[in-house]
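K.L.:
As input, take final-v5.pdb (PDB, C-alpha atoms, pLDDT in the B column):
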MODEL        1
ATOM      1  CA  MET H 177     -35.075  19.802 -60.587  1.00 48.00           C
ATOM      2  CA  VAL H 178     -31.547  19.909 -59.350  1.00 48.00           C
ATOM      3  CA  VAL H 179     -31.081  20.547 -55.647  1.00 46.00           C
ATOM      4  CA  LYS H 180     -27.850  22.264 -54.844  1.00 47.00           C
ATOM      5  CA  THR H 181     -26.143  21.349 -51.653  1.00 46.00           C
ATOM      6  CA  ARG H 182     -23.337  23.131 -49.935  1.00 47.00           C
ATOM      7  CA  ALA H 183     -20.096  21.463 -50.794  1.00 45.00           C
ATOM      8  CA  GLN H 184     -18.427  20.109 -47.710  1.00 44.00           C
ATOM      9  CA  PRO H 185     -14.804  21.206 -47.403  1.00 45.00           C
ATOM     10  CA  PRO H 186     -12.375  18.356 -47.982  1.00 43.00           C
ATOM     11  CA  PHE H 187     -11.725  16.223 -44.888  1.00 37.00           C
ATOM     12  CA  GLU H 188     -14.091  18.352 -42.771  1.00 39.00           C
ATOM     13  CA  HIS H 189     -15.641  15.296 -41.198  1.00 40.00           C
ATOM     14  CA  LEU H 190     -12.199  13.882 -40.503  1.00 37.00           C
ATOM     15  CA  ALA H 191     -11.100  17.143 -38.925  1.00 40.00           C
ATOM     16  CA  GLY H 192     -14.159  17.121 -36.722  1.00 45.00           C
ATOM     17  CA  ARG H 193     -13.431  13.602 -35.546  1.00 40.00           C
ATOM     18  CA  ALA H 194      -9.793  14.440 -34.974  1.00 38.00           C
ATOM     19  CA  GLN H 195     -10.776  17.448 -32.867  1.00 40.00           C
ATOM     20  CA  LEU H 196     -13.118  15.275 -30.841  1.00 36.00           C
ATOM     21  CA  ARG H 197     -10.462  12.649 -30.302  1.00 37.00           C
ATOM     22  CA  SER H 198      -7.788  15.208 -29.419  1.00 35.00           C
ATOM     23  CA  SER H 199     -10.027  16.833 -26.830  1.00 36.00           C
ATOM     24  CA  SER H 200     -10.657  13.448 -25.227  1.00 36.00           C
ATOM     25  CA  LEU H 201      -6.959  12.637 -25.311  1.00 32.00           C
ATOM     26  CA  VAL H 202      -6.183  15.866 -23.505  1.00 33.00           C
ATOM     27  CA  LYS H 203      -8.606  15.034 -20.713  1.00 36.00           C
ATOM     28  CA  MET H 204      -7.988  11.340 -20.367  1.00 36.00           C
ATOM     29  CA  PRO H 205      -4.464  11.274 -18.823  1.00 39.00           C
ATOM     30  CA  THR H 206      -5.408  13.542 -15.943  1.00 43.00           C
ATOM     31  CA  ASP H 207      -8.022  11.209 -14.488  1.00 47.00           C
ATOM     32  CA  PRO H 208      -5.843   8.071 -14.279  1.00 44.00           C
ATOM     33  CA  VAL H 209      -2.953  10.047 -12.823  1.00 44.00           C
ATOM     34  CA  ARG H 210      -5.215  11.639 -10.246  1.00 51.00           C
ATOM     35  CA  GLY H 211      -6.741   8.278  -9.427  1.00 48.00           C
ATOM     36  CA  LEU H 212      -3.315   6.679  -9.068  1.00 46.00           C
ATOM     37  CA  ASN H 213      -2.077   9.446  -6.780  1.00 50.00           C
ATOM     38  CA  LEU H 214      -5.207   9.136  -4.653  1.00 56.00           C
ATOM     39  CA  LYS H 215      -4.782   5.355  -4.430  1.00 62.00           C
ATOM     40  CA  ILE H 216      -1.159   5.701  -3.323  1.00 66.00           C
ATOM     41  CA  LEU H 217      -2.178   8.293  -0.736  1.00 64.00           C
ATOM     42  CA  LEU H 218      -4.896   6.014   0.612  1.00 71.00           C
ATOM     43  CA  ASP H 219      -2.560   3.025   0.761  1.00 76.00           C
ATOM     44  CA  LEU H 220       0.049   5.023   2.683  1.00 85.00           C
ATOM     45  CA  LEU H 221      -2.390   6.917   4.900  1.00 90.00           C
ATOM     46  CA  PRO H 222      -2.070   4.718   8.042  1.00 92.00           C
ATOM     47  CA  VAL H 223       1.740   4.602   7.705  1.00 94.00           C
ATOM     48  CA  VAL H 224       2.041   8.367   7.281  1.00 94.00           C
ATOM     49  CA  VAL H 225      -0.361   9.049  10.160  1.00 95.00           C
ATOM     50  CA  PHE H 226       1.508   6.666  12.473  1.00 96.00           C
ATOM     51  CA  PHE H 227       4.873   8.284  11.692  1.00 96.00           C
ATOM     52  CA  ALA H 228       3.571  11.865  11.951  1.00 96.00           C
ATOM     53  CA  VAL H 229       1.778  11.336  15.273  1.00 95.00           C
ATOM     54  CA  PHE H 230       4.752   9.464  16.751  1.00 95.00           C
ATOM     55  CA  ARG H 231       7.092  12.306  15.760  1.00 94.00           C
ATOM     56  CA  LEU H 232       4.775  14.961  17.145  1.00 94.00           C
ATOM     57  CA  ALA H 233       4.388  13.049  20.407  1.00 92.00           C
ATOM     58  CA  LYS H 234       8.177  12.706  20.738  1.00 91.00           C
ATOM     59  CA  ALA H 235       8.660  16.407  20.031  1.00 90.00           C
ATOM     60  CA  ALA H 236       6.046  17.495  22.601  1.00 87.00           C
ATOM     61  CA  PRO H 237       6.024  14.819  25.345  1.00 83.00           C
ATOM     62  CA  GLN H 238       4.021  16.859  27.841  1.00 82.00           C
ATOM     63  CA  VAL H 239       1.246  17.462  25.327  1.00 83.00           C
ATOM     64  CA  ALA H 240       1.377  13.787  24.323  1.00 81.00           C
ATOM     65  CA  HIS H 241       1.048  12.646  27.933  1.00 78.00           C
ATOM     66  CA  ALA H 242      -1.870  15.026  28.450  1.00 79.00           C
ATOM     67  CA  TRP H 243      -3.654  13.717  25.370  1.00 80.00           C
ATOM     68  CA  ALA H 244      -2.950  10.117  26.327  1.00 75.00           C
ATOM     69  CA  GLY H 245      -4.264  10.735  29.830  1.00 73.00           C
ATOM     70  CA  ALA H 246      -7.416  12.388  28.495  1.00 74.00           C
ATOM     71  CA  LEU H 247      -8.118   9.727  25.882  1.00 71.00           C
ATOM     72  CA  LEU H 248      -6.773   6.578  27.486  1.00 69.00           C
ATOM     73  CA  GLY H 249      -6.973   7.151  31.214  1.00 65.00           C
ATOM     74  CA  SER H 250      -4.043   6.129  33.384  1.00 57.00           C
ATOM     75  CA  VAL H 251      -1.566   5.396  30.605  1.00 56.00           C
ATOM     76  CA  ALA H 252       0.117   8.784  30.882  1.00 48.00           C
ATOM     77  CA  ALA H 253       0.714   8.485  34.591  1.00 48.00           C
ATOM     78  CA  ALA H 254       1.707   4.831  34.510  1.00 48.00           C
ATOM     79  CA  ASP H 255       4.078   5.035  31.543  1.00 54.00           C
ATOM     80  CA  ALA H 256       5.176   8.668  31.535  1.00 51.00           C
ATOM     81  CA  ALA H 257       8.837   7.735  31.742  1.00 48.00           C
ATOM     82  CA  SER H 258       8.698   5.222  28.873  1.00 60.00           C
ATOM     83  CA  ASP H 259       8.443   5.417  25.092  1.00 70.00           C
ATOM     84  CA  ILE H 260       5.011   3.820  25.073  1.00 86.00           C
ATOM     85  CA  VAL H 261       2.938   7.014  25.031  1.00 89.00           C
ATOM     86  CA  PRO H 262       3.993   8.111  21.502  1.00 92.00           C
ATOM     87  CA  VAL H 263       3.487   4.556  20.254  1.00 93.00           C
ATOM     88  CA  ILE H 264       0.010   4.319  21.783  1.00 92.00           C
ATOM     89  CA  LEU H 265      -1.089   7.668  20.354  1.00 92.00           C
ATOM     90  CA  ALA H 266       0.377   6.852  16.939  1.00 95.00           C
ATOM     91  CA  THR H 267      -1.272   3.427  16.950  1.00 95.00           C
ATOM     92  CA  ALA H 268      -4.669   4.802  17.933  1.00 94.00           C
ATOM     93  CA  CYS H 269      -4.510   7.409  15.165  1.00 94.00           C
ATOM     94  CA  ALA H 270      -3.359   4.772  12.651  1.00 96.00           C
ATOM     95  CA  ILE H 271      -6.383   2.624  13.543  1.00 96.00           C
ATOM     96  CA  VAL H 272      -8.670   5.595  12.916  1.00 95.00           C
ATOM     97  CA  ALA H 273      -6.895   6.321   9.615  1.00 95.00           C
ATOM     98  CA  THR H 274      -7.329   2.686   8.556  1.00 95.00           C
ATOM     99  CA  LEU H 275     -11.048   2.737   9.330  1.00 95.00           C
ATOM    100  CA  ILE H 276     -11.382   5.965   7.339  1.00 93.00           C
ATOM    101  CA  GLN H 277      -9.448   4.396   4.462  1.00 91.00           C
ATOM    102  CA  VAL H 278     -11.674   1.316   4.246  1.00 92.00           C
ATOM    103  CA  SER H 279     -14.879   3.293   4.824  1.00 93.00           C
ATOM    104  CA  TRP H 280     -14.025   5.730   2.039  1.00 90.00           C
ATOM    105  CA  LEU H 281     -13.389   2.867  -0.388  1.00 88.00           C
ATOM    106  CA  LEU H 282     -16.676   1.220   0.533  1.00 91.00           C
ATOM    107  CA  LEU H 283     -18.636   4.468   0.203  1.00 93.00           C
ATOM    108  CA  ARG H 284     -17.078   5.040  -3.220  1.00 88.00           C
ATOM    109  CA  ARG H 285     -18.011   1.470  -4.166  1.00 88.00           C
ATOM    110  CA  ALA H 286     -14.376   0.872  -4.973  1.00 85.00           C
ATOM    111  CA  THR H 287     -12.772  -2.542  -4.790  1.00 84.00           C
ATOM    112  CA  VAL H 288     -11.218  -3.257  -1.402  1.00 84.00           C
ATOM    113  CA  THR H 289      -8.405  -5.688  -2.151  1.00 85.00           C
ATOM    114  CA  ALA H 290      -7.597  -8.663   0.032  1.00 86.00           C
ATOM    115  CA  SER H 291      -4.293  -7.064   1.042  1.00 86.00           C
ATOM    116  CA  VAL H 292      -6.112  -3.953   2.300  1.00 88.00           C
ATOM    117  CA  TRP H 293      -8.548  -6.084   4.319  1.00 92.00           C
ATOM    118  CA  LEU H 294      -5.685  -8.110   5.760  1.00 92.00           C
ATOM    119  CA  SER H 295      -3.653  -5.042   6.696  1.00 92.00           C
ATOM    120  CA  ALA H 296      -6.715  -3.353   8.199  1.00 93.00           C
ATOM    121  CA  GLY H 297      -7.582  -6.423  10.249  1.00 95.00           C
ATOM    122  CA  LEU H 298      -4.042  -6.752  11.590  1.00 95.00           C
ATOM    123  CA  ILE H 299      -3.716  -3.107  12.573  1.00 95.00           C
ATOM    124  CA  VAL H 300      -7.135  -3.059  14.254  1.00 95.00           C
ATOM    125  CA  VAL H 301      -6.480  -6.267  16.208  1.00 96.00           C
ATOM    126  CA  PHE H 302      -2.794  -5.866  17.073  1.00 96.00           C
ATOM    127  CA  GLY H 303      -2.987  -2.093  17.299  1.00 95.00           C
ATOM    128  CA  GLY H 304      -5.996  -2.428  19.575  1.00 94.00           C
ATOM    129  CA  LEU H 305      -4.022  -4.784  21.807  1.00 95.00           C
ATOM    130  CA  THR H 306      -1.172  -2.278  21.951  1.00 93.00           C
ATOM    131  CA  VAL H 307      -3.537   0.507  23.013  1.00 90.00           C
ATOM    132  CA  TRP H 308      -5.485  -1.666  25.453  1.00 90.00           C
ATOM    133  CA  LEU H 309      -2.540  -3.428  27.123  1.00 88.00           C
ATOM    134  CA  HIS H 310      -0.032  -0.567  26.781  1.00 88.00           C
ATOM    135  CA  ASN H 311       2.344  -2.957  25.045  1.00 91.00           C
ATOM    136  CA  GLU H 312       4.186  -1.803  21.930  1.00 93.00           C
ATOM    137  CA  TRP H 313       5.187  -5.300  20.834  1.00 95.00           C
ATOM    138  CA  PHE H 314       1.808  -6.085  19.312  1.00 96.00           C
ATOM    139  CA  ILE H 315       2.058  -3.252  16.798  1.00 96.00           C
ATOM    140  CA  LYS H 316       5.743  -4.026  16.208  1.00 96.00           C
ATOM    141  CA  TRP H 317       4.824  -7.537  15.110  1.00 97.00           C
ATOM    142  CA  LYS H 318       2.125  -6.324  12.738  1.00 96.00           C
ATOM    143  CA  PRO H 319       4.392  -5.651   9.678  1.00 96.00           C
ATOM    144  CA  THR H 320       6.072  -9.035  10.094  1.00 97.00           C
ATOM    145  CA  LEU H 321       2.762 -10.884  10.219  1.00 96.00           C
ATOM    146  CA  LEU H 322       1.532  -8.968   7.174  1.00 95.00           C
ATOM    147  CA  TYR H 323       4.631  -9.774   5.093  1.00 96.00           C
ATOM    148  CA  TRP H 324       4.659 -13.405   6.193  1.00 97.00           C
ATOM    149  CA  ALA H 325       0.971 -13.686   5.300  1.00 95.00           C
ATOM    150  CA  PHE H 326       1.769 -12.422   1.794  1.00 94.00           C
ATOM    151  CA  ALA H 327       4.581 -14.977   1.545  1.00 95.00           C
ATOM    152  CA  ALA H 328       2.299 -17.765   2.791  1.00 95.00           C
ATOM    153  CA  VAL H 329      -0.387 -16.936   0.227  1.00 93.00           C
ATOM    154  CA  LEU H 330       2.063 -16.779  -2.675  1.00 92.00           C
ATOM    155  CA  GLY H 331       4.072 -19.806  -1.570  1.00 91.00           C
ATOM    156  CA  GLY H 332       1.019 -21.871  -0.615  1.00 90.00           C
ATOM    157  CA  GLY H 333      -0.662 -21.141  -3.928  1.00 87.00           C
ATOM    158  CA  HIS H 334       2.453 -22.244  -5.795  1.00 82.00           C
ATOM    159  CA  TRP H 335       3.538 -25.330  -3.851  1.00 86.00           C
ATOM    160  CA  ILE H 336       0.230 -26.606  -2.466  1.00 84.00           C
ATOM    161  CA  TRP H 337      -2.432 -25.608  -4.998  1.00 82.00           C
ATOM    162  CA  LYS H 338      -0.015 -25.463  -7.957  1.00 82.00           C
ATOM    163  CA  ARG H 339      -1.154 -21.985  -8.936  1.00 84.00           C
ATOM    164  CA  ASN H 340       0.933 -18.935  -9.670  1.00 84.00           C
ATOM    165  CA  LEU H 341      -1.101 -16.126  -8.131  1.00 81.00           C
ATOM    166  CA  LEU H 342       1.120 -13.409  -9.602  1.00 80.00           C
ATOM    167  CA  GLY H 343       0.528 -14.779 -13.064  1.00 76.00           C
ATOM    168  CA  ALA H 344      -3.193 -15.116 -12.388  1.00 77.00           C
ATOM    169  CA  LEU H 345      -3.395 -11.471 -11.320  1.00 76.00           C
ATOM    170  CA  PHE H 346      -1.257  -9.847 -14.009  1.00 74.00           C
ATOM    171  CA  SER H 347      -1.167 -12.222 -16.984  1.00 67.00           C
ATOM    172  CA  SER H 348      -4.002 -10.348 -18.695  1.00 67.00           C
ATOM    173  CA  GLU H 349      -1.846  -7.198 -18.742  1.00 72.00           C
ATOM    174  CA  LEU H 350       1.654  -8.659 -19.013  1.00 76.00           C
ATOM    175  CA  GLN H 351       2.557 -11.510 -21.312  1.00 81.00           C
ATOM    176  CA  LEU H 352       5.466 -13.386 -19.735  1.00 83.00           C
ATOM    177  CA  PRO H 353       6.721 -16.946 -20.114  1.00 85.00           C
ATOM    178  CA  GLN H 354       5.506 -19.262 -17.381  1.00 85.00           C
ATOM    179  CA  ALA H 355       9.073 -19.797 -16.182  1.00 86.00           C
ATOM    180  CA  ALA H 356       9.431 -16.039 -15.676  1.00 85.00           C
ATOM    181  CA  TRP H 357       6.206 -15.916 -13.648  1.00 86.00           C
ATOM    182  CA  ASP H 358       7.457 -18.797 -11.488  1.00 88.00           C
ATOM    183  CA  ARG H 359      10.786 -17.073 -10.810  1.00 90.00           C
ATOM    184  CA  LEU H 360       9.006 -13.823  -9.944  1.00 91.00           C
ATOM    185  CA  LEU H 361       6.687 -15.594  -7.515  1.00 92.00           C
ATOM    186  CA  ILE H 362       9.576 -17.317  -5.740  1.00 93.00           C
ATOM    187  CA  ALA H 363      11.502 -14.036  -5.634  1.00 94.00           C
ATOM    188  CA  TRP H 364       8.604 -12.107  -4.072  1.00 94.00           C
ATOM    189  CA  THR H 365       7.847 -14.907  -1.622  1.00 95.00           C
ATOM    190  CA  GLY H 366      11.447 -14.837  -0.409  1.00 96.00           C
ATOM    191  CA  PHE H 367      11.451 -11.053  -0.323  1.00 97.00           C
ATOM    192  CA  PHE H 368       8.392 -10.921   1.938  1.00 96.00           C
ATOM    193  CA  LEU H 369       9.946 -13.495   4.253  1.00 97.00           C
ATOM    194  CA  VAL H 370      13.142 -11.429   4.482  1.00 97.00           C
ATOM    195  CA  LEU H 371      11.204  -8.214   5.152  1.00 97.00           C
ATOM    196  CA  GLY H 372       9.343  -9.882   8.002  1.00 97.00           C
ATOM    197  CA  CYS H 373      12.605 -11.035   9.557  1.00 98.00           C
ATOM    198  CA  LEU H 374      14.246  -7.627   9.102  1.00 98.00           C
ATOM    199  CA  ASN H 375      11.356  -5.942  10.883  1.00 98.00           C
ATOM    200  CA  LEU H 376      11.834  -8.203  13.913  1.00 98.00           C
ATOM    201  CA  VAL H 377      15.614  -7.677  13.936  1.00 98.00           C
ATOM    202  CA  VAL H 378      15.200  -3.906  14.026  1.00 98.00           C
ATOM    203  CA  ALA H 379      12.324  -4.091  16.540  1.00 97.00           C
ATOM    204  CA  TYR H 380      14.251  -6.255  19.021  1.00 97.00           C
ATOM    205  CA  ARG H 381      17.771  -4.908  18.618  1.00 97.00           C
ATOM    206  CA  PHE H 382      17.151  -1.159  18.273  1.00 96.00           C
ATOM    207  CA  SER H 383      15.112   1.547  19.921  1.00 94.00           C
ATOM    208  CA  THR H 384      11.449   2.138  19.202  1.00 94.00           C
ATOM    209  CA  GLU H 385      12.272   5.390  17.452  1.00 94.00           C
ATOM    210  CA  THR H 386      14.699   3.594  15.136  1.00 96.00           C
ATOM    211  CA  TRP H 387      12.070   0.946  14.442  1.00 97.00           C
ATOM    212  CA  VAL H 388       9.482   3.609  13.510  1.00 96.00           C
ATOM    213  CA  ASN H 389      11.937   5.200  11.071  1.00 96.00           C
ATOM    214  CA  PHE H 390      12.792   1.807   9.575  1.00 97.00           C
ATOM    215  CA  LYS H 391       9.127   0.828   9.269  1.00 95.00           C
ATOM    216  CA  THR H 392       8.294   4.082   7.510  1.00 95.00           C
ATOM    217  CA  PHE H 393      11.294   4.558   5.239  1.00 96.00           C
ATOM    218  CA  GLY H 394      13.286   1.319   5.291  1.00 96.00           C
ATOM    219  CA  LEU H 395      10.521  -1.169   4.522  1.00 95.00           C
ATOM    220  CA  LEU H 396       8.840   1.093   1.969  1.00 93.00           C
ATOM    221  CA  GLY H 397      12.167   1.970   0.370  1.00 95.00           C
ATOM    222  CA  LEU H 398      13.203  -1.669   0.076  1.00 96.00           C
ATOM    223  CA  THR H 399       9.829  -2.575  -1.424  1.00 94.00           C
ATOM    224  CA  PHE H 400      10.061   0.267  -3.945  1.00 94.00           C
ATOM    225  CA  ALA H 401      13.601  -0.676  -4.959  1.00 95.00           C
ATOM    226  CA  TYR H 402      12.673  -4.348  -5.289  1.00 94.00           C
ATOM    227  CA  SER H 403       9.644  -3.438  -7.404  1.00 92.00           C
ATOM    228  CA  ILE H 404      11.878  -1.520  -9.805  1.00 94.00           C
ATOM    229  CA  THR H 405      14.296  -4.457  -9.979  1.00 93.00           C
ATOM    230  CA  THR H 406      11.577  -6.967 -10.742  1.00 91.00           C
ATOM    231  CA  GLY H 407      10.044  -4.511 -13.215  1.00 88.00           C
ATOM    232  CA  ILE H 408      13.315  -4.446 -15.154  1.00 91.00           C
ATOM    233  CA  TYR H 409      13.360  -8.251 -15.133  1.00 87.00           C
ATOM    234  CA  MET H 410       9.788  -8.368 -16.419  1.00 85.00           C
ATOM    235  CA  ALA H 411      10.569  -5.881 -19.199  1.00 86.00           C
ATOM    236  CA  ARG H 412      13.364  -8.147 -20.424  1.00 86.00           C
ATOM    237  CA  HIS H 413      11.008 -11.127 -20.670  1.00 76.00           C
ATOM    238  CA  LEU H 414       7.886  -9.498 -22.095  1.00 78.00           C
ATOM    239  CA  LYS H 415       6.497 -11.326 -25.092  1.00 65.00           C
ATOM    240  CA  ALA H 416       5.933  -9.355 -28.258  1.00 54.00           C
ATOM    241  CA  PRO H 417       2.200  -8.871 -28.947  1.00 53.00           C
ATOM    242  CA  SER H 418       0.872 -11.201 -31.598  1.00 52.00           C
ATOM    243  CA  ASN H 419      -0.494  -9.681 -34.830  1.00 50.00           C
ATOM    244  CA  GLY H 420      -2.990 -12.336 -35.559  1.00 45.00           C
TER
ENDMDL
END
What would you get if you wrote out this structure as structure tokens?
P.N.:
Amino acid sequence: MVVKTRAQPPFEHLAGRAQLRSSSLVKMPTDPVRGLNLKILLDLLPVVVFFAVFRLAKAAPQVAHAWAGALLGSVAAADAASDIVPVILATACAIVATLIQVSWLLLRRATVTASVWLSAGLIVVFGGLTVWLHNEWFIKWKPTLLYWAFAAVLGGGHWIWKRNLLGALFSSELQLPQAAWDRLLIAWTGFFLVLGCLNLVVAYRFSTETWVNFKTFGLLGLTFAYSITTGIYMARHLKAPSNG
């Protein structure tokens, strides 16, 4: 007995697989992009909060003094004529934003990088000293200490422990000659040292308002521009993937 089966149209199974793959390809790019945007927002949250609160406090000094007096006691009366009230309010809000940032990452079981822990620790400690002692210089030193810590880790790993930490972090994704990794590490170590010095120059030689603008736009802008420059350098030295 011959059993007749329905003839399957040519390439039907291939078309089905292609449709499945195309649907997954349509959905896949949105998640990484959304995740990247959320990560950038989280990384910049304390900086954005500090700048926004400082600007609002400068624009409405009476409201800022009232809030400072309600939250922090005698600071408004003692320092009403100075620029410390906007800094204190901005610092306090940045500390809260940092705690929210780290807590959200922990609740999501996401990886909290060493740089996030270091930045959070510095802003809680030095920001707390600024709020407690009504002294803006603690928070002004925070970016410098953060950048110099990055430089110390990169430089110490290279010259003391003979390890290229940049290469260790990114070599699985980017295939570069060892000499290129060494030049990149030295370049970023020097860049972080320069950023730390620039922050102190602006903090000591210019007004607090100018320093806030430089911290928000100048330091981030320089870092972004330097990242693009080093990215171009890396693209020129990428090794071609091996076929075998």
K.L.:
Could you expand the PyMOL selection byres ((chain H and resi 375-389) around 10) into the explicit residues it covers here, written as a ChimeraX atom specification?
P.N.:
/H:223,226-227,230-231,234,259-260,262-263,312-313,316-321,323,370-374,390-395
K.L.:
Just how far from atom CA of His413 of chain H is atom CA of Gly331 of chain H, in Å to one decimal?
P.N.:
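So the two atoms, atom CA of Gly331 of chain H and atom CA of His413 of chain H, lie 22.1 Å apart.
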K.L.:
Atom CA of Ile404 of chain H and atom CA of Lys338 of chain H, how far apart in Å?
P.N.:
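Those two atoms sit 26.8 Å apart.
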K.L.:
Quick one: pull the distance between atom CA of Ala355 of chain H and atom CA of Ile408 of chain H, Å, one decimal.
P.N.:
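Going from atom CA of Ala355 of chain H over to atom CA of Ile408 of chain H, I get 16.0 Å.
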K.L.:
Compare H:Leu265, H:Leu298, H:Val229, H:Thr274 by their minimum atom-to-atom distance to Ala246 of chain H, counting only C-alpha atoms, and give me the closest one.
P.N.:
H:Leu265
K.L.:
Spell out the residues picked by the PyMOL selection byres ((chain H and resi 269) around 12) here, as a PDB file with C-alpha atoms, in the frame of the given file.
P.N.:
ATOM      1  CA  LEU H 221      -2.390   6.917   4.900  1.00 90.00           C
ATOM      2  CA  PRO H 222      -2.070   4.718   8.042  1.00 92.00           C
ATOM      3  CA  VAL H 223       1.740   4.602   7.705  1.00 94.00           C
ATOM      4  CA  VAL H 224       2.041   8.367   7.281  1.00 94.00           C
ATOM      5  CA  VAL H 225      -0.361   9.049  10.160  1.00 95.00           C
ATOM      6  CA  PHE H 226       1.508   6.666  12.473  1.00 96.00           C
ATOM      7  CA  PHE H 227       4.873   8.284  11.692  1.00 96.00           C
ATOM      8  CA  ALA H 228       3.571  11.865  11.951  1.00 96.00           C
ATOM      9  CA  VAL H 229       1.778  11.336  15.273  1.00 95.00           C
ATOM     10  CA  PHE H 230       4.752   9.464  16.751  1.00 95.00           C
ATOM     11  CA  ALA H 233       4.388  13.049  20.407  1.00 92.00           C
ATOM     12  CA  ALA H 244      -2.950  10.117  26.327  1.00 75.00           C
ATOM     13  CA  LEU H 247      -8.118   9.727  25.882  1.00 71.00           C
ATOM     14  CA  PRO H 262       3.993   8.111  21.502  1.00 92.00           C
ATOM     15  CA  VAL H 263       3.487   4.556  20.254  1.00 93.00           C
ATOM     16  CA  ILE H 264       0.010   4.319  21.783  1.00 92.00           C
ATOM     17  CA  LEU H 265      -1.089   7.668  20.354  1.00 92.00           C
ATOM     18  CA  ALA H 266       0.377   6.852  16.939  1.00 95.00           C
ATOM     19  CA  THR H 267      -1.272   3.427  16.950  1.00 95.00           C
ATOM     20  CA  ALA H 268      -4.669   4.802  17.933  1.00 94.00           C
ATOM     21  CA  ALA H 270      -3.359   4.772  12.651  1.00 96.00           C
ATOM     22  CA  ILE H 271      -6.383   2.624  13.543  1.00 96.00           C
ATOM     23  CA  VAL H 272      -8.670   5.595  12.916  1.00 95.00           C
ATOM     24  CA  ALA H 273      -6.895   6.321   9.615  1.00 95.00           C
ATOM     25  CA  THR H 274      -7.329   2.686   8.556  1.00 95.00           C
ATOM     26  CA  LEU H 275     -11.048   2.737   9.330  1.00 95.00           C
ATOM     27  CA  ILE H 276     -11.382   5.965   7.339  1.00 93.00           C
ATOM     28  CA  ILE H 299      -3.716  -3.107  12.573  1.00 95.00           C
ATOM     29  CA  VAL H 300      -7.135  -3.059  14.254  1.00 95.00           C
ATOM     30  CA  GLY H 303      -2.987  -2.093  17.299  1.00 95.00           C
ATOM     31  CA  GLY H 304      -5.996  -2.428  19.575  1.00 94.00           C
ATOM     32  CA  VAL H 307      -3.537   0.507  23.013  1.00 90.00           C
TER      33      VAL H 307
END
K.L.:
Produce a table with one row for each residue of segment 310-334 of chain H that has an atom at most 8 Å from any atom of segment 360-368 of chain H, each row naming the nearest atom pair and its distance in Å at one decimal; use only C-alpha atoms; arrange rows by chain and rising residue number; format as a Markdown table.
P.N.:
| residue | atom | partner | partner_atom | distance |
| --- | --- | --- | --- | --- |
| H:Tyr323 | CA | H:Phe368 | CA | 5.0 |
| H:Trp324 | CA | H:Phe368 | CA | 6.2 |
| H:Phe326 | CA | H:Phe368 | CA | 6.8 |
| H:Ala327 | CA | H:Thr365 | CA | 4.5 |
| H:Ala328 | CA | H:Thr365 | CA | 7.6 |
| H:Leu330 | CA | H:Thr365 | CA | 6.2 |
| H:Gly331 | CA | H:Thr365 | CA | 6.2 |
K.L.:
Export C-alpha atoms of the chosen residues as a PDB file, in the coordinates of the input?
P.N.:
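The result, stored in result.pdb:
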ATOM      1  CA  TYR H 323       4.631  -9.774   5.093  1.00 96.00           C
ATOM      2  CA  TRP H 324       4.659 -13.405   6.193  1.00 97.00           C
ATOM      3  CA  PHE H 326       1.769 -12.422   1.794  1.00 94.00           C
ATOM      4  CA  ALA H 327       4.581 -14.977   1.545  1.00 95.00           C
ATOM      5  CA  ALA H 328       2.299 -17.765   2.791  1.00 95.00           C
ATOM      6  CA  LEU H 330       2.063 -16.779  -2.675  1.00 92.00           C
ATOM      7  CA  GLY H 331       4.072 -19.806  -1.570  1.00 91.00           C
TER       8      GLY H 331
END
K.L.:
Set up a box along x, y and z of the file covering all listed atoms of segment 340-347 of chain H, add 5 Å on every one of the six sides, and write the centre and edge lengths in Å to one decimal, as AutoDock Vina command-line options.
P.N.:
--center_x -1.1 --center_y -14.4 --center_z -12.6 --size_x 14.5 --size_y 19.1 --size_z 18.9
K.L.:
Measuring between only C-alpha atoms, which one of H:Phe314, H:Gln351, H:Leu218, H:Leu305 shows the shortest distance to Val288 of chain H?
P.N.:
H:Leu218
K.L.:
Selection in question (the file shown): the PyMOL selection byres ((chain H and resi 343) around 9). Which residues does it include, as a PyMOL selection string?
P.N.:
chain H and resi 339-342+344-348+350+352+354+357-358+361
K.L.:
Counting all atoms listed in the file, which residue out of H:Leu322, H:Ala411, H:Leu309, H:Ile336 sits closest to Ala356 of chain H?
P.N.:
H:Ala411
K.L.:
H:Phe302, H:Trp337, H:Trp308, H:Ala325: which is nearest Ala290 of chain H, counting all atoms listed in the file?
P.N.:
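Among the listed residues, H:Ala325 lies closest to Ala290 of chain H.
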